[in-house]
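S.K.: My structure is below; once you've seen it, I'll send some questions.
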Protein chains: 2
Amino acid sequence: MANTDCVGVRVFSLNCWGIRYLSKHCSQRYQMIGQMLCKEQHDIVLLQEVWSEKDFLYLKTKLASTHPHSHYFKSGVIGSGLAILSKHRIHDTFLYRYSLNGYPYMAHHGDWFGGKAVGMAVLNLAGLTANVYVTHLHAEYSREKDSYLSHRVVQAWELQQFIRHTSTGADVVIVGGDLNMHPQDLGCRLLMSYTGLRDSYVETAKFDGCENGMTLIADNPFINKNELIPFEKGIRIDYILFKGSSKASVNCDFMSTTKGSVPGHALPYSDHEALTAELRLESHIPAQTGSDKTQDTPAEKLAELVDTLTEARTEVKVGLHCAERMRYTAARTGVMGLALLFLELAIAAVPCFALGAEQPFPRISFYLLAALCFAILLTTFLLYIFYTMELKSLQGAEDQMRLAVGSLQEKLRGFPVAQPHNVPLRSPEGQQPSALDPEE
Amino acid sequence: MANTDCVGVRVFSLNCWGIRYLSKHCSQRYQMIGQMLCKEQHDIVLLQEVWSEKDFLYLKTKLASTHPHSHYFKSGVIGSGLAILSKHRIHDTFLYRYSLNGYPYMAHHGDWFGGKAVGMAVLNLAGLTANVYVTHLHAEYSREKDSYLSHRVVQAWELQQFIRHTSTGADVVIVGGDLNMHPQDLGCRLLMSYTGLRDSYVETAKFDGCENGMTLIADNPFINKNELIPFEKGIRIDYILFKGSSKASVNCDFMSTTKGSVPGHALPYSDHEALTAELRLESHIPAQTGSDKTQDTPAEKLAELVDTLTEARTEVKVGLHCAERMRYTAARTGVMGLALLFLELAIAAVPCFALGAEQPFPRISFYLLAALCFAILLTTFLLYIFYTMELKSLQGAEDQMRLAVGSLQEKLRGFPVAQPHNVPLRSPEGQQPSALDPEE
């Protein structure tokens, strides 16, 4: 350890409980969260259950000066709800959608529609490559009769596979999120023992927060105390985990959780408690920008890659427009089916009031037409959901490509001005600014 | 390069076109493929479109002595169709399902039901960690009006992401499969330029096969020549790609494809041509078993991991039984709905033949009942598909866990006999042999 650099990294994680119009005081809480994040200036902010992209954009705008880098992971029908905001540049992102995630007909549980996943962002922290993961696993609605246990175990299995296989090149691994598992639960053990990740609550030198590090507590006014039984005081299901490597060691100096209410406010930030971990990274290698796998790539190759990526983005955008049009058509056909149904009901109402028994009611046509309307409504509803999922996936890919183009252009700027013949075209002031601007 | 070890690796890739009852001469071709693989004894066999698990099991049994290690990747409604057979132990596997894969209502194209994905297997080749990938991208049904282009571009994007992020710790990367893209297509360029993978057809020192390395040729009797227009002679859409690292360099000494017909047989192996690449791996590090990330883990930790994994497998099996029961219930309800429909039609047929106009036909009840039957049929059909997908995912996770347990037990056997107190319980001769046997 002759060459040791030390750097502190503050990581924040919160399940925001952000279901618009359903979660209590949603916009008010987002305002509070935004204010707090602005003030606290964590290095990395990992959020879950940011179900509405509008709320993410609100936070992104609010934190534009303190956290200029961010990514919102899109998946499923509603979205993955996962977001990352960072002080440090995000070089790369990747999303893994869990293969199992509840049942679409359990709509009141809603997990299936959320498209639960694990998002990854590659950051450079003081010359170290840090792979940062944010995830949210399927909720446990009943501890005694947990019909989603196998789904959650498979999610934990896939989570550890994803982290293990994608982090072999990383110097530092940081994972934050709502695992919906107690520390001793099978999925948690599977994750920790396979990956070698360490729990910041267990490892921290100093702790300030709820008893036993609980993150779902009875004192939180949004919590239904009956649902916590037999854990009267609360449970610990949110985590910040970390791991070092041969190149860097990581330790947790301080960890804290909110304790239900927020000083100076009438409300807590969410129904979950927020976690903050202060990690200390000690690099065992000389300071360098070793993180970057495309670092040694010549400018010409990079420019070619930007070109290819821009082309790919265009193709994906064409697909996006196509999917949007299809979804619009499905919605319009659905509305027409609904109008037809109402019209039919209105016509059916007429003989009852006006014609009486004079004219026989055309029962057969009535039922046939009603069946047709229902078939149209069902089909268009399924298609609408399907196209929404397609849209989310296309948007997600497009977002990731935009971020990648931005990162590559950053690198290109670092090269000497005398670049190959075709590079100026792809500079940010080039002829296709709208397609190239990473923040478009 | 003071310490150079050299090892040859023969890689085989084939799209088997294995749709039971639909693909021509399916079982006969599998017999031929099995015979050839037995004789040729490639190190790594990568297969696509093995749609039926029975056909995979046939090959697995047939190649048990030459290729003792294998994995079949499960996904989607039908499966991913991806399989790997290997002479060398498979230490780990991982599957990434593409987020976009066509449309469920385009049933005649069938891609959506296949659950297209990329499978990964971690092998140890002469002390080098080799990440081997097998994949199959969405088909191109029309080059002029390719409505799946955006889906295929997103698949190529996700493929490069998956390979790039999971292979940072690998010494050697080998990719085989049917990319359904011409070499100059956008997705191919995206994949190659981002990952730095090299094309064995382009890189090979010696080539024997179809003109321009084509893998879908007009001379193949299973090919409809009209579908190849405007590429009269054929196209190249199947690939074996490779990449070295700082620890090892990889070169291709020889590459070959089949040329439609197979000498001594009336039929070719498939509608695609088979690819074989002879790669030469030159290790720049002293020979060691450096591949193994759990190598330094103490026996106690390994045993604990085996325990946790066994518990997880049990949970997943419980979920499997549950999903099987639900699927059975859906199927039974569907059959009852069908029976009800037939019964109704039979009853409806009676007044036409026997009662005539004497008794009025109960039209309303008839239509209501028919609508009910159709609703039952549609719902149970959708549920059946959903539960099949759930089953595939659960089975896939269980398979991967079994393989992981086997690999861990292998490692445990390497430890001295004096093991910690609880290890003997988990030895392969332990008390739970059925749950622990990796080949169960």
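The way I read the labels, and the way they are meant: chains A, B, ... in the order of the structure tokens, residue 1 as the first residue of every chain, and ligand 1 as the first ligand shown, with later ones counted on from there.
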So which residues touch B:His88 within 9 Å, counting only C-alpha atoms, skipping near sequence neighbours fewer than 4 positions away, as number ranges by chain?

M.R.: B: 43-44, 67-69, 123-125

S.K.: Could you give me, as JSON lines, every chain A residue with an atom at most 8 Å from chain B, plus its closest atom pair and distance in Å to one decimal, counting only C-alpha atoms, rows ordered by chain then number?

M.R.:
```
{"residue": "A:Phe94", "atom": "CA", "partner": "B:Gln161", "partner_atom": "CA", "distance": 6.9}
{"residue": "A:Tyr96", "atom": "CA", "partner": "B:Tyr96", "partner_atom": "CA", "distance": 7.5}
{"residue": "A:Arg97", "atom": "CA", "partner": "B:Ser99", "partner_atom": "CA", "distance": 7.9}
{"residue": "A:Ser99", "atom": "CA", "partner": "B:Ser393", "partner_atom": "CA", "distance": 6.1}
{"residue": "A:Leu100", "atom": "CA", "partner": "B:Glu390", "partner_atom": "CA", "distance": 6.6}
{"residue": "A:Leu149", "atom": "CA", "partner": "B:Glu315", "partner_atom": "CA", "distance": 7.3}
{"residue": "A:Ser150", "atom": "CA", "partner": "B:Val316", "partner_atom": "CA", "distance": 5.0}
{"residue": "A:His151", "atom": "CA", "partner": "B:Gly319", "partner_atom": "CA", "distance": 7.5}
{"residue": "A:Val153", "atom": "CA", "partner": "B:Ala312", "partner_atom": "CA", "distance": 6.6}
{"residue": "A:Val154", "atom": "CA", "partner": "B:Ala397", "partner_atom": "CA", "distance": 6.5}
{"residue": "A:Trp157", "atom": "CA", "partner": "B:Ala397", "partner_atom": "CA", "distance": 7.6}
{"residue": "A:Gln161", "atom": "CA", "partner": "B:Phe94", "partner_atom": "CA", "distance": 6.9}
{"residue": "A:His165", "atom": "CA", "partner": "B:Thr166", "partner_atom": "CA", "distance": 4.9}
{"residue": "A:Thr166", "atom": "CA", "partner": "B:Thr166", "partner_atom": "CA", "distance": 4.4}
{"residue": "A:Ser167", "atom": "CA", "partner": "B:Thr166", "partner_atom": "CA", "distance": 7.4}
{"residue": "A:Thr168", "atom": "CA", "partner": "B:Gly169", "partner_atom": "CA", "distance": 4.9}
{"residue": "A:Gly169", "atom": "CA", "partner": "B:Thr168", "partner_atom": "CA", "distance": 4.9}
{"residue": "A:Leu186", "atom": "CA", "partner": "B:Ala312", "partner_atom": "CA", "distance": 6.8}
{"residue": "A:Gly187", "atom": "CA", "partner": "B:Ala312", "partner_atom": "CA", "distance": 7.6}
{"residue": "A:Arg189", "atom": "CA", "partner": "B:Thr308", "partner_atom": "CA", "distance": 6.9}
{"residue": "A:Leu190", "atom": "CA", "partner": "B:Thr308", "partner_atom": "CA", "distance": 6.1}
{"residue": "A:Ser193", "atom": "CA", "partner": "B:Leu305", "partner_atom": "CA", "distance": 6.3}
{"residue": "A:Tyr194", "atom": "CA", "partner": "B:Leu305", "partner_atom": "CA", "distance": 6.9}
{"residue": "A:Lys301", "atom": "CA", "partner": "B:Ser193", "partner_atom": "CA", "distance": 7.8}
{"residue": "A:Leu305", "atom": "CA", "partner": "B:Ser193", "partner_atom": "CA", "distance": 6.3}
{"residue": "A:Thr308", "atom": "CA", "partner": "B:Leu190", "partner_atom": "CA", "distance": 6.1}
{"residue": "A:Leu309", "atom": "CA", "partner": "B:Leu190", "partner_atom": "CA", "distance": 6.9}
{"residue": "A:Glu311", "atom": "CA", "partner": "B:Leu186", "partner_atom": "CA", "distance": 7.5}
{"residue": "A:Ala312", "atom": "CA", "partner": "B:Val153", "partner_atom": "CA", "distance": 6.6}
{"residue": "A:Glu315", "atom": "CA", "partner": "B:Ser150", "partner_atom": "CA", "distance": 5.6}
{"residue": "A:Val316", "atom": "CA", "partner": "B:Ser150", "partner_atom": "CA", "distance": 5.0}
{"residue": "A:Val318", "atom": "CA", "partner": "B:Ser150", "partner_atom": "CA", "distance": 7.2}
{"residue": "A:Gly319", "atom": "CA", "partner": "B:Ser150", "partner_atom": "CA", "distance": 5.1}
{"residue": "A:Arg363", "atom": "CA", "partner": "B:Ile364", "partner_atom": "CA", "distance": 6.8}
{"residue": "A:Ile364", "atom": "CA", "partner": "B:Ile364", "partner_atom": "CA", "distance": 6.4}
{"residue": "A:Tyr367", "atom": "CA", "partner": "B:Tyr367", "partner_atom": "CA", "distance": 6.9}
{"residue": "A:Leu368", "atom": "CA", "partner": "B:Tyr367", "partner_atom": "CA", "distance": 7.3}
{"residue": "A:Ala371", "atom": "CA", "partner": "B:Ala371", "partner_atom": "CA", "distance": 6.7}
{"residue": "A:Glu390", "atom": "CA", "partner": "B:Leu100", "partner_atom": "CA", "distance": 6.6}
{"residue": "A:Ser393", "atom": "CA", "partner": "B:Ser99", "partner_atom": "CA", "distance": 6.1}
{"residue": "A:Leu394", "atom": "CA", "partner": "B:Val154", "partner_atom": "CA", "distance": 7.2}
{"residue": "A:Ala397", "atom": "CA", "partner": "B:Val154", "partner_atom": "CA", "distance": 6.4}
```

S.K.: Using DSSP assignments from the backbone, pull out every residue in stretch 154-193 of chain B that falls under helix (DSSP H, G or I) and give it to me as a list in words.

M.R.: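 DSSP on the backbone gives helix (DSSP H, G or I) at Val154, Gln155, Ala156, Trp157, Glu158, Leu159, Gln160, Gln161, Phe162, Ile163, Arg164, His165, Thr166, Leu186, Gly187, Cys188, Arg189, Leu190, Leu191, Met192 and Ser193 of chain B.
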
S.K.: Between atom CA of B:Ile237 and atom CA of B:Gly119, what distance in Å does the model show, to one decimal?

M.R.: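 Going from atom CA of B:Ile237 over to atom CA of B:Gly119, I get 18.3 Å.
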
S.K.: When you look at stretch 47-58 of chain A with a cut-off of 8 Å (counting only C-alpha atoms), what residues show up, excluding the ones that are within fewer than 5 positions of it in the same chain? I need them as a list in words.

M.R.: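 Contacts, in chain order: Ser13, Leu14, Asn15, Cys16, Trp17, Gly18, Ile19, Arg20, Ser27, Tyr30, Tyr72, Ile78, Gly79, Ser80, Gly81, Leu82, Ala83, Ile84, Gly114, Val134, Thr135, His136, Gly177 and Asp178 of chain A.
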
S.K.: Go ahead and write the residues just picked, N, CA, C and O atoms, as a compact mmCIF listing (two decimals), in the first residue's frame.

M.R.:
```
# COMPACT_ATOMS: atom_id res chain seq x y z
N SER A 13 -29.64 6.49 -0.56
CA SER A 13 -30.62 5.61 -1.19
C SER A 13 -31.98 5.80 -0.53
O SER A 13 -32.09 5.88 0.69
N LEU A 14 -33.02 5.89 -1.37
CA LEU A 14 -34.38 6.07 -0.83
C LEU A 14 -35.41 5.48 -1.78
O LEU A 14 -35.38 5.70 -2.98
N ASN A 15 -36.34 4.73 -1.21
CA ASN A 15 -37.53 4.32 -1.94
C ASN A 15 -38.53 5.46 -1.80
O ASN A 15 -39.04 5.72 -0.70
N CYS A 16 -38.79 6.18 -2.91
CA CYS A 16 -39.54 7.45 -2.83
C CYS A 16 -41.05 7.28 -2.70
O CYS A 16 -41.75 8.24 -2.44
N TRP A 17 -41.57 6.06 -2.92
CA TRP A 17 -43.02 5.83 -2.86
C TRP A 17 -43.74 6.88 -3.70
O TRP A 17 -44.58 7.61 -3.21
N GLY A 18 -43.38 6.91 -4.97
CA GLY A 18 -43.84 8.01 -5.83
C GLY A 18 -44.94 7.63 -6.80
O GLY A 18 -44.79 7.85 -8.00
N ILE A 19 -46.04 7.06 -6.29
CA ILE A 19 -47.16 6.76 -7.19
C ILE A 19 -48.05 8.01 -7.26
O ILE A 19 -48.75 8.32 -6.31
N ARG A 20 -47.98 8.70 -8.38
CA ARG A 20 -48.75 9.94 -8.53
C ARG A 20 -50.23 9.70 -8.26
O ARG A 20 -50.80 8.71 -8.71
N SER A 27 -46.22 15.14 -4.37
CA SER A 27 -45.44 16.27 -4.90
C SER A 27 -44.77 17.04 -3.78
O SER A 27 -43.63 17.50 -3.92
N TYR A 30 -41.69 15.14 -2.86
CA TYR A 30 -40.61 15.32 -3.84
C TYR A 30 -39.92 16.67 -3.66
O TYR A 30 -38.70 16.77 -3.83
N TYR A 72 -32.34 7.84 -15.78
CA TYR A 72 -33.63 7.27 -15.37
C TYR A 72 -33.80 5.97 -16.15
O TYR A 72 -33.75 5.97 -17.38
N ILE A 78 -45.03 0.67 -16.64
CA ILE A 78 -44.95 1.97 -15.96
C ILE A 78 -43.52 2.49 -15.99
O ILE A 78 -43.28 3.66 -16.21
N GLY A 79 -42.58 1.62 -15.78
CA GLY A 79 -41.17 2.01 -15.68
C GLY A 79 -40.55 1.17 -14.58
O GLY A 79 -41.23 0.47 -13.86
N SER A 80 -39.21 1.25 -14.47
CA SER A 80 -38.57 0.49 -13.40
C SER A 80 -38.63 1.26 -12.09
O SER A 80 -38.45 0.70 -11.02
N GLY A 81 -38.87 2.57 -12.18
CA GLY A 81 -38.88 3.41 -10.98
C GLY A 81 -37.49 3.75 -10.48
O GLY A 81 -37.35 4.41 -9.46
N LEU A 82 -36.46 3.28 -11.18
CA LEU A 82 -35.08 3.45 -10.71
C LEU A 82 -34.43 4.68 -11.33
O LEU A 82 -34.60 4.94 -12.52
N ALA A 83 -33.70 5.41 -10.51
CA ALA A 83 -33.02 6.59 -11.01
C ALA A 83 -31.71 6.78 -10.27
O ALA A 83 -31.57 6.35 -9.12
N ILE A 84 -30.76 7.39 -10.95
CA ILE A 84 -29.49 7.73 -10.31
C ILE A 84 -29.15 9.17 -10.65
O ILE A 84 -29.34 9.62 -11.78
N GLY A 114 -44.60 -2.63 -13.04
CA GLY A 114 -43.41 -1.80 -12.80
C GLY A 114 -42.18 -2.28 -13.54
O GLY A 114 -41.25 -1.52 -13.74
N VAL A 134 -28.47 0.15 -8.75
CA VAL A 134 -29.68 0.52 -8.00
C VAL A 134 -30.78 -0.48 -8.38
O VAL A 134 -30.94 -0.82 -9.54
N THR A 135 -31.47 -0.99 -7.38
CA THR A 135 -32.48 -2.01 -7.68
C THR A 135 -33.65 -1.96 -6.71
O THR A 135 -33.59 -1.32 -5.66
N HIS A 136 -34.70 -2.65 -7.08
CA HIS A 136 -35.92 -2.73 -6.27
C HIS A 136 -36.54 -4.09 -6.56
O HIS A 136 -36.92 -4.36 -7.69
N GLY A 177 -30.56 0.09 -2.66
CA GLY A 177 -31.92 -0.16 -3.10
C GLY A 177 -32.78 -0.84 -2.06
O GLY A 177 -32.34 -1.17 -0.96
N ASP A 178 -34.02 -1.02 -2.48
CA ASP A 178 -35.02 -1.67 -1.64
C ASP A 178 -35.09 -3.14 -2.06
O ASP A 178 -35.65 -3.46 -3.10
```

S.K.: Residues of stretch 209-327 of chain B classed as strand (DSSP E or B) by DSSP on the backbone are to be reported as a PyMOL selection string.

M.R.: chain B and resi 216-217+234-235+238-243+248-257+259+261+275-283

S.K.: Which of these, B:Asp253, B:His138, B:Arg143, B:Thr380, has the shortest distance to B:Pro230 once you count only C-alpha atoms?

M.R.: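 Answer, going by the shortest atom-to-atom distance: B:Arg143.
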
S.K.: Please indicate the distance in Å from atom CA of A:Gly414 to atom CA of A:His91, rounded to one decimal place.

M.R.: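 Computing the Euclidean distance for atom CA of A:Gly414 and atom CA of A:His91 yields 15.0 Å.
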